[in-house]
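Coordinates as given in structure01.csv (CSV, C-alpha atoms):
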chain,number,residue,atom,x,y,z
A,766,MET,CA,12.5,42.3,-0.3
A,767,GLU,CA,15.4,41.7,-2.6
A,768,LYS,CA,15.8,43.9,-5.6
A,769,PHE,CA,16.2,42.0,-8.9
A,770,ARG,CA,15.7,42.3,-12.7
A,771,ALA,CA,13.6,39.9,-14.7
A,772,ARG,CA,11.6,39.7,-17.9
A,773,ASN,CA,8.7,37.7,-16.4
A,774,PHE,CA,6.9,38.4,-13.2
A,775,ASN,CA,4.2,36.7,-11.1
A,776,LEU,CA,1.8,38.8,-9.0
A,777,ILE,CA,-0.9,38.0,-6.5
A,778,LEU,CA,-3.4,40.9,-6.0
A,779,TYR,CA,-6.6,41.2,-4.1
A,780,GLN,CA,-9.8,42.7,-5.6
A,781,GLU,CA,-10.8,44.2,-2.2
A,782,ASP,CA,-7.7,46.5,-2.2
A,783,GLU,CA,-8.3,49.6,-4.2
A,784,THR,CA,-4.6,50.0,-5.1
A,785,HIS,CA,-4.6,46.4,-6.3
A,786,ARG,CA,-7.7,47.1,-8.5
A,787,LYS,CA,-5.9,50.1,-10.0
A,788,ALA,CA,-2.8,47.9,-10.6
A,789,ILE,CA,-4.9,45.3,-12.4
A,790,ASP,CA,-6.5,47.9,-14.6
A,791,TYR,CA,-3.0,49.3,-15.4
A,792,ILE,CA,-1.6,45.9,-16.2
A,793,GLN,CA,-4.5,45.2,-18.6
A,794,LYS,CA,-4.0,48.5,-20.4
A,795,ASN,CA,-0.2,48.5,-20.6
A,796,TYR,CA,1.4,45.0,-20.5
A,797,ASP,CA,1.6,41.6,-22.1
A,798,TYR,CA,-0.1,39.5,-19.4
A,799,ALA,CA,-2.4,36.6,-18.4
A,800,MET,CA,-4.6,36.8,-15.4
A,801,ILE,CA,-7.2,34.7,-13.5
A,802,CYS,CA,-9.3,35.2,-10.4
A,803,HIS,CA,-8.9,32.3,-7.9
A,804,ASP,CA,-12.1,32.1,-5.9
A,805,LYS,CA,-12.2,28.4,-5.2
A,806,ASP,CA,-8.8,27.7,-3.6
A,807,ILE,CA,-9.0,25.7,-0.4
A,808,ASP,CA,-6.8,26.4,2.6
A,809,GLU,CA,-5.1,23.1,3.4
A,810,LYS,CA,-5.0,23.9,7.1
A,811,THR,CA,-8.6,25.0,7.7
A,812,GLY,CA,-10.4,23.4,4.7
A,813,GLU,CA,-12.1,26.7,4.0
A,814,ILE,CA,-12.1,28.7,0.8
A,815,LYS,CA,-9.3,31.2,0.6
A,816,LYS,CA,-9.9,34.9,0.1
A,817,GLN,CA,-10.5,35.7,-3.6
A,818,HIS,CA,-7.3,36.8,-5.3
A,819,TYR,CA,-5.8,37.3,-8.7
A,820,HIS,CA,-2.8,35.5,-10.1
A,821,ILE,CA,-1.2,37.5,-12.9
A,822,VAL,CA,1.8,36.7,-15.1
A,823,VAL,CA,3.4,39.7,-16.9
A,824,ARG,CA,6.1,39.4,-19.6
A,825,PHE,CA,8.4,42.2,-20.8
A,826,LYS,CA,10.6,42.2,-23.8
A,827,ASN,CA,13.6,43.5,-21.8
A,828,ALA,CA,14.4,42.9,-18.2
A,829,LYS,CA,12.9,45.3,-15.7
A,830,TRP,CA,13.6,45.9,-12.0
A,831,ASN,CA,11.0,44.5,-9.7
A,832,THR,CA,11.1,47.8,-7.7
A,833,SER,CA,10.5,49.9,-10.8
A,834,PHE,CA,7.6,47.6,-11.8
A,835,ALA,CA,6.1,48.0,-8.3
A,836,GLU,CA,6.4,51.8,-8.6
A,837,ASP,CA,4.6,51.7,-12.0
A,838,LEU,CA,1.8,49.7,-10.4
A,839,LYS,CA,1.9,51.8,-7.2
A,840,ILE,CA,1.9,48.6,-5.0
A,841,PRO,CA,4.4,47.2,-2.5
A,842,VAL,CA,7.1,45.2,-4.1
A,843,ASN,CA,6.3,42.1,-2.0
A,844,TYR,CA,3.3,41.3,-4.3
A,845,ILE,CA,5.7,40.7,-7.1
A,846,GLU,CA,8.0,37.8,-7.7
A,847,GLU,CA,10.2,36.6,-10.5
A,848,SER,CA,8.8,34.0,-12.8
A,849,ARG,CA,11.7,31.6,-13.4
A,850,ASN,CA,9.7,29.7,-16.0
A,851,LEU,CA,7.1,31.5,-18.0
A,852,LYS,CA,5.3,28.4,-19.2
A,853,ARG,CA,5.0,26.9,-15.7
A,854,SER,CA,3.8,30.3,-14.3
A,855,LEU,CA,1.1,30.3,-17.0
A,856,GLN,CA,0.1,26.7,-16.2
A,857,TYR,CA,-0.2,27.5,-12.5
A,858,LEU,CA,-2.9,30.0,-13.3
A,859,ILE,CA,-5.3,27.0,-13.9
A,860,HIS,CA,-3.4,24.6,-11.6
A,861,TYR,CA,-2.5,22.5,-14.6
A,862,ASN,CA,-1.1,19.1,-13.5
A,863,ASP,CA,-1.8,19.8,-9.9
A,864,GLU,CA,-4.6,17.4,-9.0
A,865,ASN,CA,-4.5,18.5,-5.3
A,866,LYS,CA,-5.8,21.9,-6.2
A,867,TYR,CA,-9.0,23.2,-7.8
A,868,GLN,CA,-8.8,22.9,-11.6
A,869,TYR,CA,-9.7,26.3,-13.1
A,870,ASP,CA,-11.0,26.3,-16.7
A,871,ILE,CA,-8.6,27.9,-19.3
A,872,THR,CA,-11.5,30.1,-20.5
A,873,GLU,CA,-11.3,31.9,-17.2
A,874,VAL,CA,-7.8,33.2,-18.1
A,875,GLN,CA,-7.7,36.7,-19.6
A,876,GLY,CA,-5.0,38.6,-21.4
A,877,THR,CA,-2.6,38.6,-24.2
A,878,LEU,CA,-0.6,35.6,-23.0
A,879,THR,CA,-3.6,33.2,-23.1
A,880,THR,CA,-2.6,32.0,-26.5
A,881,LEU,CA,0.8,31.0,-25.2
A,882,LEU,CA,-0.9,29.2,-22.3
A,883,LYS,CA,-3.1,27.2,-24.7
A,884,GLU,CA,-0.2,26.3,-26.8
A,885,THR,CA,1.8,25.1,-23.8
A,886,ILE,CA,-1.1,22.9,-22.7
A,887,GLN,CA,-1.9,21.6,-26.1
A,888,ASN,CA,1.8,20.7,-26.9
A,889,GLY,CA,2.5,19.3,-23.4
A,890,ASN,CA,5.8,17.7,-23.2
A,891,LYS,CA,6.1,16.6,-26.8
A,892,THR,CA,9.6,16.2,-28.1
A,893,GLU,CA,10.7,18.0,-31.3
A,894,SER,CA,10.7,14.6,-33.1
A,895,GLU,CA,7.1,14.0,-32.1
A,896,LYS,CA,6.1,17.4,-33.4
A,897,ILE,CA,7.9,16.9,-36.7
A,898,ILE,CA,6.1,13.5,-37.1
A,899,GLU,CA,2.8,15.3,-36.3
A,900,ILE,CA,3.5,17.9,-39.0
A,901,LEU,CA,4.4,15.1,-41.6
A,902,GLN,CA,1.2,13.2,-40.7
A,903,TRP,CA,-0.8,16.3,-41.1
A,904,ILE,CA,0.6,16.8,-44.6
A,905,GLU,CA,-0.1,13.2,-45.5
A,906,GLU,CA,-3.7,13.6,-44.3
A,907,GLN,CA,-4.4,16.4,-46.7
A,908,GLN,CA,-6.1,15.1,-49.8
A,909,GLN,CA,-5.2,18.1,-51.9
A,910,TYR,CA,-2.4,20.4,-52.9
A,911,VAL,CA,-1.1,22.2,-49.8
A,912,ASP,CA,0.3,25.7,-50.2
A,913,ILE,CA,3.3,26.4,-48.1
A,914,ALA,CA,1.6,29.5,-46.6
A,915,TYR,CA,-1.2,27.2,-45.4
A,916,LEU,CA,1.3,24.9,-43.7
A,917,ILE,CA,3.1,27.8,-42.1
A,918,ARG,CA,-0.2,29.2,-40.8
A,919,TRP,CA,-1.2,25.8,-39.4
A,920,CYS,CA,2.1,25.3,-37.6
A,921,ALA,CA,2.0,28.8,-36.1
A,922,GLU,CA,-1.6,28.3,-34.9
A,923,ILE,CA,-0.8,25.1,-33.0
A,924,GLY,CA,2.5,26.4,-31.6
A,925,TYR,CA,4.9,24.5,-33.9
A,926,TRP,CA,6.5,27.5,-35.6
A,927,ASP,CA,9.8,26.9,-33.9
A,928,VAL,CA,9.9,23.2,-35.1
A,929,LEU,CA,8.9,24.2,-38.7
A,930,ARG,CA,11.5,26.9,-38.8
A,931,ARG,CA,14.3,24.6,-37.7
A,932,GLY,CA,13.2,21.7,-39.9
A,933,PHE,CA,12.0,23.8,-42.8
A,934,ASN,CA,14.3,22.3,-45.5
A,935,PRO,CA,13.3,18.7,-45.1
A,936,ILE,CA,9.7,19.5,-44.2
A,937,SER,CA,9.3,21.6,-47.4
A,938,LYS,CA,10.8,18.8,-49.5
A,939,TYR,CA,8.3,16.4,-47.9
A,940,LEU,CA,5.5,18.9,-48.8
A,941,ASP,CA,6.8,19.2,-52.4
A,942,LYS,CA,6.7,15.4,-52.7
A,943,HIS,CA,3.2,15.3,-51.3
A,944,ASN,CA,2.1,18.1,-53.8
A,945,LEU,CA,3.4,16.1,-56.8
A,946,ASN,CA,0.4,13.9,-56.4
A,947,TYR,CA,-2.0,16.8,-56.6
A,948,SER,CA,-0.4,18.9,-59.4
Encoded form using structure tokens:
Amino acid sequence: MEKFRARNFNLILYQEDETHRKAIDYIQKNYDYAMICHDKDIDEKTGEIKKQHYHIVVRFKNAKWNTSFAEDLKIPVNYIEESRNLKRSLQYLIHYNDENKYQYDITEVQGTLTTLLKETIQNGNKTESEKIIEILQWIEEQQQYVDIAYLIRWCAEIGYWDVLRRGFNPISKYLDKHNLNYS
């Protein structure tokens, strides 16, 4: 297996293997991760249910060698691959947008990255312009004075913090204009 460095990794582990169970436990205690048990996947060739397995996405702040990560988990390196796109890796956990595969419920996903998965699905493929319009509409819908901290919290909760940050000046002016009606 090729040695590489990455910040995000995908793993497939099997509950029946004791070293894999220990690796899962280690991941849950030490890393930023999302995990789901796939127990309803169908083998396309045989039509039978595949062996139960766990898909796990792990994110690091800094790049890490796949070999070092495998050593930490005490598993062979071939169970680890690079995640080239974190959001797509997270979506794969539930087979999001893959109608040919069993659709797992998002509530079955465990781990610290579940919030990011929910944001990814909720925001879909909206453009920045669409998100800004949504923020402005939300402000308009408020029939009261809106504190800036309340707006910031709302944007962060729905995954729009990046859009608010980049467009803060015009959005805050729009909020000020809205608030003049409720002063």
Q) Which distance in Å separates atom CA of A:Gln887 and atom CA of A:His818, to one decimal? A)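 According to the coordinates, atom CA of A:Gln887 and atom CA of A:His818 are separated by 26.3 Å.
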Q: State, in Å with one decimal place, the distance from atom CA of A:Glu905 to atom CA of A:Lys942.
A: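 Between atom CA of A:Glu905 and atom CA of A:Lys942 the gap works out to 10.1 Å.
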Q. Which residue out of A:Lys866, A:Arg824, A:Lys883, A:Arg786 has the minimum interatomic distance to A:Ile840 when only C-alpha atoms are used?
A. A:Arg786
Q) Which residue out of A:Leu945, A:Leu881, A:Asn773, A:Tyr910 has the minimum interatomic distance to A:Gly924 when all atoms listed in the file are used? A)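 For A:Gly924, the nearest of the candidates is A:Leu881.
We find atom CA of A:Asn795 and atom CA of A:Met766 to be spaced 24.7 Å apart.
In this comparison, which uses all atoms listed in the file, the residue of A:Ile807, A:Leu929, A:Ile904, A:Leu855 approaching A:Ile886 most closely is A:Leu855.
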Any idea what's packed within 10 Å of A:Pro841, counting all atoms listed in the file, ignoring anything in its chain fewer than 3 positions away? Could you give it as a PDB file with C-alpha atoms, in the frame of the given file?
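That gives us out38.pdb:
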ATOM      1  CA  MET A 766      12.500  42.300  -0.300  1.00  0.00           C
ATOM      2  CA  THR A 784      -4.600  50.000  -5.100  1.00  0.00           C
ATOM      3  CA  HIS A 785      -4.600  46.400  -6.300  1.00  0.00           C
ATOM      4  CA  THR A 832      11.100  47.800  -7.700  1.00  0.00           C
ATOM      5  CA  PHE A 834       7.600  47.600 -11.800  1.00  0.00           C
ATOM      6  CA  ALA A 835       6.100  48.000  -8.300  1.00  0.00           C
ATOM      7  CA  GLU A 836       6.400  51.800  -8.600  1.00  0.00           C
ATOM      8  CA  LEU A 838       1.800  49.700 -10.400  1.00  0.00           C
ATOM      9  CA  TYR A 844       3.300  41.300  -4.300  1.00  0.00           C
ATOM     10  CA  ILE A 845       5.700  40.700  -7.100  1.00  0.00           C
TER      11      ILE A 845
END
Can you list, as an mmCIF file with C-alpha atoms, in the coordinates of the input, every protein, DNA or RNA residue that comes within 12 Å of A:Ile898 when you count only C-alpha atoms, leaving out same-chain residues fewer than 3 positions away?
data_model
loop_
_atom_site.group_PDB
_atom_site.id
_atom_site.type_symbol
_atom_site.label_atom_id
_atom_site.label_comp_id
_atom_site.auth_asym_id
_atom_site.auth_seq_id
_atom_site.Cartn_x
_atom_site.Cartn_y
_atom_site.Cartn_z
ATOM 1 C CA LYS A 891 6.100 16.600 -26.800
ATOM 2 C CA THR A 892 9.600 16.200 -28.100
ATOM 3 C CA GLU A 893 10.700 18.000 -31.300
ATOM 4 C CA SER A 894 10.700 14.600 -33.100
ATOM 5 C CA GLU A 895 7.100 14.000 -32.100
ATOM 6 C CA LEU A 901 4.400 15.100 -41.600
ATOM 7 C CA GLN A 902 1.200 13.200 -40.700
ATOM 8 C CA TRP A 903 -0.800 16.300 -41.100
ATOM 9 C CA ILE A 904 0.600 16.800 -44.600
ATOM 10 C CA GLU A 905 -0.100 13.200 -45.500
ATOM 11 C CA TYR A 925 4.900 24.500 -33.900
ATOM 12 C CA VAL A 928 9.900 23.200 -35.100
ATOM 13 C CA LEU A 929 8.900 24.200 -38.700
ATOM 14 C CA GLY A 932 13.200 21.700 -39.900
ATOM 15 C CA PRO A 935 13.300 18.700 -45.100
ATOM 16 C CA ILE A 936 9.700 19.500 -44.200
ATOM 17 C CA TYR A 939 8.300 16.400 -47.900
#
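In this comparison, which uses only C-alpha atoms, the residue of A:Trp926, A:Tyr791, A:Trp830, A:Tyr857 approaching A:Asp870 most closely is A:Tyr857.
With all atoms listed in the file as the basis for measurement, A:Met800 is the residue among A:Met800, A:Leu916, A:Ala921, A:Leu940 that approaches A:Ser854 most closely.
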(Q) Restricting the calculation to only C-alpha atoms: of A:Leu778, A:Ala771, A:Ile859, A:Ile792, which residue gets closest to A:Ala828? (A) A:Ala771
Q: Write out as a list in words each polymer residue whose atoms come within 12 Å of A:Lys826, counting all atoms listed in the file; drop sequence neighbours fewer than 6 positions from it.
A: Ala771, Arg772, Asn773, Phe774, Tyr796, Asp797 and Tyr798 of chain A
Q: Write out as a list in words the residues lying within 7 Å of A:Asn831, counting all atoms listed in the file and excluding same-chain residues fewer than 4 positions away.
A: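 Returned residues: Lys768, Phe769, Arg770, Ala835 and Val842 of chain A.
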Q.
Would you pick out the contacts of A:Glu873 at 12 Å or less, using all atoms listed in the file, so that residues sharing its chain but fewer than 2 positions from it are not included, and give the list as a ChimeraX atom specification?
A. /A:799-804,819-820,858-859,868-871,875-876,879,882
